[in-house]
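Enquirer: Mind having a look at this structure? Questions to follow.
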Amino acid sequence: MERGKLLEYMTIFGAAAILGVLAYIAAVGLYEIDNYGAVAEKTAFGAGQYETIKVTAYRYGWIFEYPNGSKSLNTLYIKAGKLYRLELTSSDVVHSFYIRELGYKYDTVPGFVYTAWLKVDKPGVYNVLCAEFCGAGHYRMLGRIVVEP
Ligand SMILES: [Cu+2]
């Protein structure tokens with residue numbers, strides 16, 4: 001094979017090999033990003049060590065749904081020291097689930113379910129505010145969390 005042709009092939013296959021390695025690194029990285037939450041949840045909490053509560057924001061209030069299917073409006077009842085997995089969503093516009101005393105804030109977005117963990121050690125009543133302007137009644141979108149001992 002003449003030298004020019006050899007250089008041409010080396011350039012083509014060299015570039016292909018470099019792109020292949022980059023594609024592999026990107027694929028592995030994207031897979032890890034997509035599955036990070038699931039793996040972390042499994043290793044950190046295992047199965048059955050928490051309860052899942054569905055939180056649905058609407059104009060202008062909060063619906064909390066417990067594992068047994070019962071619901072409460074604007075007041076969330078939980079136990080102190082127990083771990084909860086909140087599935088946050090909205091039925092209309094973007095709201096934000098904000099517990100000022102706990103520095104806890106997650107947006108609720110229609111069409112998406114966000115997972116967030118909640119564990120409150122100190123019993124008491126905490127205020128829930130909507131931290132995203134969502135309409136004329138935004139100011140009265142108030143909830144409470146009652147943490148029972
Ligand atoms: Cu709101």
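In the structure tokens, each chain is lettered A, B, ... as it comes, each chain's residues begin at 1, and ligands are numbered from 1 in order of appearance.
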With a distance cut-off of 10 Å and only C-alpha atoms, select the neighbouring residues of range 106-123 of chain A, excluding the residue or stretch itself and same-chain residues fewer than 6 positions from it, and output the selection as an MDAnalysis selection string.
Expert: chainID A and resid 37 41 50:58 78:99 130:132 145:149
Enquirer: Can you spit out the residues from that selection as a PDB file, in the first residue's frame, using C-alpha atoms?
Expert:
```pdb
ATOM      1  CA  GLY A  37     -31.623   8.580  41.932  1.00  0.00           C
ATOM      2  CA  GLU A  41     -32.592   5.361  46.953  1.00  0.00           C
ATOM      3  CA  TYR A  50     -40.334   4.664  54.463  1.00  0.00           C
ATOM      4  CA  GLU A  51     -43.853   5.620  53.480  1.00  0.00           C
ATOM      5  CA  THR A  52     -44.776   7.274  50.216  1.00  0.00           C
ATOM      6  CA  ILE A  53     -47.092  10.275  50.279  1.00  0.00           C
ATOM      7  CA  LYS A  54     -48.426  11.871  47.116  1.00  0.00           C
ATOM      8  CA  VAL A  55     -48.499  15.658  47.206  1.00  0.00           C
ATOM      9  CA  THR A  56     -50.638  17.364  44.577  1.00  0.00           C
ATOM     10  CA  ALA A  57     -50.665  21.143  44.388  1.00  0.00           C
ATOM     11  CA  TYR A  58     -53.564  22.974  42.797  1.00  0.00           C
ATOM     12  CA  ILE A  78     -46.670  12.591  59.692  1.00  0.00           C
ATOM     13  CA  LYS A  79     -44.771  11.010  62.563  1.00  0.00           C
ATOM     14  CA  ALA A  80     -41.584  12.489  64.020  1.00  0.00           C
ATOM     15  CA  GLY A  81     -38.375  10.669  63.164  1.00  0.00           C
ATOM     16  CA  LYS A  82     -39.955   8.620  60.370  1.00  0.00           C
ATOM     17  CA  LEU A  83     -38.780   8.812  56.795  1.00  0.00           C
ATOM     18  CA  TYR A  84     -41.229   9.818  54.061  1.00  0.00           C
ATOM     19  CA  ARG A  85     -40.888   9.783  50.336  1.00  0.00           C
ATOM     20  CA  LEU A  86     -42.904  12.597  48.810  1.00  0.00           C
ATOM     21  CA  GLU A  87     -44.090  12.376  45.223  1.00  0.00           C
ATOM     22  CA  LEU A  88     -44.729  15.978  44.273  1.00  0.00           C
ATOM     23  CA  THR A  89     -46.806  17.100  41.346  1.00  0.00           C
ATOM     24  CA  SER A  90     -49.314  19.758  40.312  1.00  0.00           C
ATOM     25  CA  SER A  91     -52.692  19.492  38.646  1.00  0.00           C
ATOM     26  CA  ASP A  92     -52.639  22.920  36.986  1.00  0.00           C
ATOM     27  CA  VAL A  93     -49.702  25.348  37.061  1.00  0.00           C
ATOM     28  CA  VAL A  94     -46.246  25.394  38.650  1.00  0.00           C
ATOM     29  CA  HIS A  95     -46.318  25.716  42.435  1.00  0.00           C
ATOM     30  CA  SER A  96     -43.568  25.268  44.974  1.00  0.00           C
ATOM     31  CA  PHE A  97     -43.823  23.226  48.163  1.00  0.00           C
ATOM     32  CA  TYR A  98     -42.008  25.303  50.759  1.00  0.00           C
ATOM     33  CA  ILE A  99     -41.500  24.597  54.473  1.00  0.00           C
ATOM     34  CA  CYS A 130     -46.435  28.103  47.995  1.00  0.00           C
ATOM     35  CA  ALA A 131     -43.205  29.721  46.850  1.00  0.00           C
ATOM     36  CA  GLU A 132     -44.106  30.163  43.197  1.00  0.00           C
ATOM     37  CA  ILE A 145     -47.583  19.819  58.498  1.00  0.00           C
ATOM     38  CA  VAL A 146     -48.558  18.267  61.786  1.00  0.00           C
ATOM     39  CA  VAL A 147     -45.640  16.211  63.071  1.00  0.00           C
ATOM     40  CA  GLU A 148     -46.908  13.843  65.744  1.00  0.00           C
ATOM     41  CA  PRO A 149     -44.529  12.496  68.382  1.00  0.00           C
TER      42      PRO A 149
END
```
Enquirer: Give the strand (DSSP E) residues of chain A, as assigned by DSSP on the backbone, as a PyMOL selection string.
Expert: chain A and resi 51-58+61-65+71-73+75-79+84-90+95-99+104-108+114-118+124-130+143-148
Enquirer: As JSON, numbers by chain, list the residues of range 4-137 of chain A assigned to helix (DSSP H, G or I) by DSSP on the backbone atoms of this structure.
Expert: {"A": [4, 5, 6, 7, 8, 9, 10, 11, 12, 13, 14, 15, 16, 17, 18, 19, 20, 21, 22, 23, 24, 25, 26, 27, 28, 29, 30, 31, 32, 33, 34, 35, 36, 37, 38, 39, 40, 41, 42, 43, 44, 45, 100, 101, 102]}
Enquirer: Let me see the file: selected residues, C-alpha atoms, as a CSV table (one decimal), in the first residue's frame.
Expert:
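Contents of out-v7.csv, freshly written:
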```csv
chain,number,residue,atom,x,y,z
A,4,GLY,CA,-0.6,8.3,1.0
A,5,LYS,CA,-3.3,5.7,1.1
A,6,LEU,CA,-2.0,4.3,4.4
A,7,LEU,CA,-2.1,7.8,6.0
A,8,GLU,CA,-5.7,8.3,4.7
A,9,TYR,CA,-6.9,5.0,6.3
A,10,MET,CA,-5.1,5.8,9.5
A,11,THR,CA,-6.8,9.2,9.7
A,12,ILE,CA,-10.2,7.7,9.0
A,13,PHE,CA,-10.0,4.7,11.4
A,14,GLY,CA,-8.1,6.8,14.0
A,15,ALA,CA,-10.9,9.4,14.0
A,16,ALA,CA,-13.5,6.7,14.1
A,17,ALA,CA,-11.8,5.0,17.1
A,18,ILE,CA,-11.6,8.4,19.0
A,19,LEU,CA,-15.3,9.1,18.3
A,20,GLY,CA,-16.2,5.6,19.4
A,21,VAL,CA,-14.4,6.0,22.8
A,22,LEU,CA,-16.1,9.4,23.3
A,23,ALA,CA,-19.5,7.9,22.5
A,24,TYR,CA,-18.9,5.1,25.0
A,25,ILE,CA,-17.9,7.6,27.7
A,26,ALA,CA,-21.0,9.7,27.0
A,27,ALA,CA,-23.3,6.7,27.0
A,28,VAL,CA,-22.0,5.4,30.3
A,29,GLY,CA,-22.2,8.9,31.9
A,30,LEU,CA,-25.7,9.5,30.7
A,31,TYR,CA,-26.8,6.1,32.0
A,32,GLU,CA,-25.4,6.9,35.4
A,33,ILE,CA,-27.1,10.3,35.5
A,34,ASP,CA,-30.5,8.8,34.5
A,35,ASN,CA,-30.2,6.0,37.1
A,36,TYR,CA,-28.5,7.9,39.9
A,37,GLY,CA,-31.6,8.6,41.9
A,38,ALA,CA,-32.9,5.0,41.8
A,39,VAL,CA,-29.5,3.5,42.8
A,40,ALA,CA,-29.1,6.1,45.6
A,41,GLU,CA,-32.6,5.4,47.0
A,42,LYS,CA,-32.0,1.6,47.0
A,43,THR,CA,-28.7,1.8,48.8
A,44,ALA,CA,-29.6,4.5,51.2
A,45,PHE,CA,-33.1,3.5,52.3
A,100,ARG,CA,-39.6,27.6,55.7
A,101,GLU,CA,-38.7,26.2,59.1
A,102,LEU,CA,-37.0,23.2,57.5
```
Enquirer: Would you mind telling me which residue in A:Ala136, A:Met141, A:Val128, A:Leu76 lies nearest to ligand 1 when using only C-alpha atoms and all ligand atoms?
Expert: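 Nearest candidate to ligand 1 out of A:Ala136, A:Met141, A:Val128, A:Leu76: A:Met141.
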Enquirer: Using only C-alpha atoms, find the one residue out of A:Arg3, A:Asn74, A:Gly61, A:Tyr104 that sits nearest to Tyr139 in chain A.
Expert: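 Among A:Arg3, A:Asn74, A:Gly61, A:Tyr104, it is A:Gly61 that comes nearest to Tyr139 in chain A.
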Enquirer: So the first atom is atom 1 (Cu, counted along the ligand's line) of ligand 1 and the second is CA of Ile63 in chain A; what is the distance between them in Å, to one decimal place?
Expert: 12.2 Å
Enquirer: Can you tell me how far CA of Asn127 in chain A sits from CA of Thr75 in chain A, in Å to one decimal?
Expert: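 For CA of Asn127 in chain A relative to CA of Thr75 in chain A, the distance reads 9.3 Å.
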Enquirer: How many Å lie between CA of Gly135 in chain A and atom 1 (Cu, counted along the ligand's line) of ligand 1, rounded to one decimal?
Expert: 7.3 Å
